[in-house]
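**Q** Please read through the structure below; I'll follow up with questions.
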Amino acid sequence: MARDIRPAAMPPPLTVTGPVAWVRQNLFSSPLNGFLTLLGAWIAYEVLANVVNWAFLNATWQGEDGSACTREGAGACWPFVQAKFGQFMYGRYPDGERWRVDLTYALAIAGLAPLLIPRVPGKLWAAIYLAGIFPLIAVVLLLGDVPGLSYVPTQLWGGLLVTLVVSSAGIAWAFPIGIILALGRRSQMPIVRMVSVGFIEFVRGVPLITVLFMASVMLPLFLPENVSIDKLLRALIMVALFSAAYLAEVIRGGLQAIPRGQFEAADALGLSYAQKMGLIILPQALKLVIPGIVNTFIGLFKDTSLVLIIGIFDLLGIVQLGLADQKWISPATPITGYVFAGIVFWIFCFSISRYSQMIERRLAAGGQRTTTKPLGE
Amino acid sequence: MATAADKRSDRPVGPAGLLFRPEVRQLVYQVLLLLALALVVWWVASNVAANLRRQNIASGFDFLSRTSGFDVSQSLIDYSNASSYGRAFWVGLLNTLLVAGLGIAFATLIGFMVGIARLSPNWLIARLASAYVEIVRNVPLLLQLFFWYFAVLKNLPSPRQSYVLPGGGFFNVRGLYLPAPLPQPGFGAVVLAFGLGIAAAVGLWMWARRRQRLTGRPFPVLRVALALVLGLPLIAFVATGAPLAFEHPVLRGFNFQGGLVILPELMALLLGLSIYTASFIAEIVRAGIEGVPKGQREAALALGLSNGQTLRLVVIPQALRIIIPPLTSQYLNLTKNSSLGVAIGYPDFVSVFTGTVLNQTGQAVEVILITMGVFLTLSLLTSLFMNWFNRHMALVER
Amino acid sequence: MIRLVPTAIATAGALIAMTAGAVAQSKTLDAVKQRGQLSCGVNVGLAGFSAADDKGNWTGLDVDYCKAIAAAVLGDAKKVKYVPTTTKERFTALQSGELDVLARNTTWTIQRDSAQGLSFVGVNYYDGQGFIVKKAAGAKTGKDLGGATVCVQTGTTTELNLADFFKASKLQYKPLVFEKADEALRAYQADRCDAYTTDVSGLYSVRLQMAKPDDHLVLPDVISKEPLGPAVRQGDSQWFTIVRWVHFALLNAEELGVTQANVDQMAASTNADIKRLLGKQDEFGKGLGLDNEWAYRIIKQVGNYGDIFDRNVGAGSRIKIDRGLNRLWTKGGLQYAPPIR
């Protein structure tokens, strides 16, 4: 009986496919590259070693005040974050009422989950809930002043709560305004166009903090003498108007990318302007610019930190306030506070941007299919 | 769309039918919009006027010529508390321009380096660069400024324990103190030589380009030009007997006196602005380079150009055309973000003018109006310049 | 009254709080009564004058003035809405009607009285500007500060006095200007500045909060007059008179020995001055547009000037500032009130 005497194929030599080859190809392909690799490795080591030392090995884990963190070469002062954690999250929101904030978060997540996770059904209901019902519940829950819920004035709000309120309400209000501005900028009516362009370019030309200063210093002069607006609300309006101008430019990009034929077809069908835009153009345009919208939101989320300049205590503001507490003065406290705030901001921004990249890929894949399905159906 | 309009205009024109004609409807909309706007403006203006009048608040711009009475920690022009508010305006504006200009330069430099590093075939370098980008751009700028100022620079030693730098400089919590160059008589020759060097370098560059186009023979322009620009002044400097003295900073009383001072506020703001903006520029640069078709690079390599030549002569000129428009908006962002200096005590425009001047005069409306005007002008000028530069780059296409 | 109109437009919580504020001439009082709350502008945080604890309870000398006004006008010292204001916003907030009164350690100057539309009702704290330095630096008086870097808060009279002082002393200095007092102070502690300057009262409170108070020295120089007091909008003389007499009632009560503790016994006193103060004789409350018990309520609920001073900044507080100029005129100070008669 014949036997196949061919030897089994040998694996390719390690120098071509194995880890050695990988290292040679990716790290030491030339003398310059070799040098850069060593330099990079050294930098990476220095940074990592310092971070680990500071955050863990040399860190202070227990203590009642700043004196625990004052020893020579002390790393992070974690008891500071621990002691102030409640404030960082809720500001001066009364202790016994903080469940209201948590409940609001839970309700928001309940509405967002179906919208954000492609496989969960009920998108339409979730959207109606988020746009119509949730805001009312949130206002009543957070502010109170109804039977059963005590009144918590906005001055007591602070920390992450304010950051989330300002950024989410800001983007939600900015969205419709941004769409109107973008449509206005592409309108055939010259005056409408001029007004839109004027507003967009004006807002994009000035820094947010001058707009916020205007809200805190000048707005009172703009209103009749017996009317005044809550300070947080004032900041919110300004943030919304500010991001609306940026959103308008993003949406305009989407509108420009819609082929002319779509407009003409809609006109040929005899659709009104509202029907044409609402049913044909905007759904396509908005889908195209989802990444841009998300980027604007990330920018807005980071920019909420500027409200601290006009005396509203968002997450960064409340950390800054905590650092002024004489009880916790130590060389390590400021870095610890800023690193903590930085990590919180980073987690939010980074996960949002990763999520948007995922959606972008899904949409790109969807575009290649012959039948396009609505997002996440 | 014209067809739709024509079709509709065929309808009988009656008082009701008139409203169905698109032109008429558009006119009505626009008139309504104008009316609404005018109403809002009139309402705001009358409120402001009434508020100011009733409460006896001063108005008008004549406060600009009044004596300011306050001092500023850093000023590029002569300024004291006897100067006018108008002068304080310029002090703030120049400080903003200084930090914006330097910030743009640093951010561009770091941004290009990191952007190119992200595309490096070297695995480690690419990873490090993307870690930098992902960390820095997802944290608010204001927080980064606080970090640099209150957490990092505050840990520098006090003036008495300063780090001593070679050449008579000092580095401490009050700033970086460097010897200030004091030109002596005869220094003009060095400046003149420097000017000549630049002129000669430009001439050389034009000549070399012409020759290369005509004959194909390259000329090592960069090396010779550098030698001209640096060498000529050096020769003049030595020939005139080194007419340059230095004023060294000396520790007298609380602080170092004399010399050139770079305040920690400026350093923190520069660090924060350039590191933050660089992370965005890096992404723009990466997208720009990736936007150049692979074939261009392969063709260049096939023609026998070296890796560096390929990058310099083929890839970057084409990538720049993709890069410049978004780069412009980053420069604008940086300029606007420089107003955050107010939070860390840097005397920029917003701090000096929209802060102190507004407070001391109480004329909020006028001061905010001027502030908005200044930033709009800055935006406009930057856009104009970058558009010009963009057109210039686009012309490279033959 | 506060009208809360929850107008949810899109998402997470936000609301319009339209405050029915002052309407011209003599209307502030009506507005306050109608609202049932006094809107009082205070400092965002200055120990001894106005500071909120973690629960949002406000205490301080200025805060007690808000309470005293509320007690007189509304009958309840708790009916105050505290509006923390920065140095930058304080005047527009008052001018626009957002505030009924600004009790925010604000210096009375001619500029503010004439060009910024304010009316100061009196001086509830005579202060002056000074410096705090680190002992190790070796400065003993203001004249030793040549070449120093000085941290200061923006938008204050302090910033101007500082420039004047160094100009008059022919000394060099560098100002370092911050938006918030907290930030200026942190810069001083980090040795970014040699000296920190603000009103002397503030310096003492700052020094006591430091980890090692003995390392710091408040210089003897007082370089300016800083009469701090509550201010109201111009153009409502009745409201102006009420707030002013709340201040005078506090002073008169101390002068007459009527304290929070003994006010009920004192009500039975036969002393005509005390009877007039506590509304047992004559009807001065009516002239102010209030009832006759207005001053009694102030003292019962808040105390007299001495009580307020002692509790917040004086011997009974952590700050322990000497009363100095703020003693009554009968004890060698400047606090002097016209009589209630």
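Ligands are numbered from 1 in the order shown, residues from 1 within each chain, and chains are lettered A, B, ... in the order they appear in the structure tokens.
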Would you kindly report the residues of chain A within 8 Å of chain B, using only C-alpha atoms, as a PyMOL selection string?
**A** chain A and resi 26-28+33+36-37+40-41+44+189+191-192+202+205-207+209-210+214+217-218+221-225+264+267-268+270+298+302-303+305-306+309+316+331+334-335+338+341-343+345-346+349-350
**Q** Name the residues in contact with Lys300 (chain C) at a cut-off of 10 Å, using only C-alpha atoms, excluding same-chain residues fewer than 5 positions from it; report them as a list in words.
**A**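 Residues near the query, excluding close chain neighbours: Ala68, Ala71, Ala77, Val258, Thr259, Gln260, Ala261, Asn262, Val263, Asp264 and Ala295 of chain C.
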**Q** Quick check: residues of chain B within 7 Å of chain C, only C-alpha atoms, returned as a count of residues only.
**A** 25
**Q** Pick out the chain A residues within 7 Å of chain C. Count only C-alpha atoms. Give them as a PyMOL selection string.
**A** chain A and resi 92+94+130-132+134-136+138-139+142+156+165+168-169+172-173+216-217+220-221+225-230+233+311+324+326
**Q** Could the residues in this selection be written to a file with C-alpha atoms, as a PDB file, in the first residue's frame?
**A**
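New file selection-v5.pdb:
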ATOM      1  CA  ARG A  92     -25.073  71.158  46.836  1.00  0.00           C
ATOM      2  CA  PRO A  94     -29.641  68.205  49.371  1.00  0.00           C
ATOM      3  CA  LEU A 130     -37.345  61.463  25.133  1.00  0.00           C
ATOM      4  CA  ALA A 131     -38.469  64.515  23.216  1.00  0.00           C
ATOM      5  CA  GLY A 132     -41.858  65.024  24.809  1.00  0.00           C
ATOM      6  CA  PHE A 134     -38.972  62.913  29.662  1.00  0.00           C
ATOM      7  CA  PRO A 135     -38.076  66.630  29.793  1.00  0.00           C
ATOM      8  CA  LEU A 136     -41.247  67.375  31.764  1.00  0.00           C
ATOM      9  CA  ALA A 138     -36.937  65.652  34.546  1.00  0.00           C
ATOM     10  CA  VAL A 139     -37.859  69.253  35.319  1.00  0.00           C
ATOM     11  CA  LEU A 142     -34.984  67.835  39.619  1.00  0.00           C
ATOM     12  CA  LEU A 156     -27.893  74.198  44.603  1.00  0.00           C
ATOM     13  CA  VAL A 165     -28.036  69.112  32.176  1.00  0.00           C
ATOM     14  CA  SER A 168     -27.893  67.552  26.942  1.00  0.00           C
ATOM     15  CA  ALA A 169     -30.427  70.357  27.098  1.00  0.00           C
ATOM     16  CA  ALA A 172     -31.480  69.209  22.318  1.00  0.00           C
ATOM     17  CA  TRP A 173     -32.430  72.852  21.936  1.00  0.00           C
ATOM     18  CA  SER A 216     -24.468  87.111  32.863  1.00  0.00           C
ATOM     19  CA  VAL A 217     -23.660  90.803  32.588  1.00  0.00           C
ATOM     20  CA  PRO A 220     -30.416  91.680  32.427  1.00  0.00           C
ATOM     21  CA  LEU A 221     -30.184  95.033  30.658  1.00  0.00           C
ATOM     22  CA  GLU A 225     -37.048  95.658  34.430  1.00  0.00           C
ATOM     23  CA  ASN A 226     -39.520  93.303  36.054  1.00  0.00           C
ATOM     24  CA  VAL A 227     -38.321  90.180  34.275  1.00  0.00           C
ATOM     25  CA  SER A 228     -35.269  88.154  35.150  1.00  0.00           C
ATOM     26  CA  ILE A 229     -34.181  84.717  34.108  1.00  0.00           C
ATOM     27  CA  ASP A 230     -32.638  82.013  36.206  1.00  0.00           C
ATOM     28  CA  LEU A 233     -31.260  78.863  32.294  1.00  0.00           C
ATOM     29  CA  GLY A 311     -20.077  81.355  38.600  1.00  0.00           C
ATOM     30  CA  ALA A 324      -9.950  76.057  47.647  1.00  0.00           C
ATOM     31  CA  GLN A 326      -8.269  74.948  53.247  1.00  0.00           C
TER      32      GLN A 326
END
**Q** Please report the interatomic distance between CA of Leu178 (chain B) and CA of Leu263 (chain B) in Å with one decimal.
**A**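 A separation of 11.3 Å between them.
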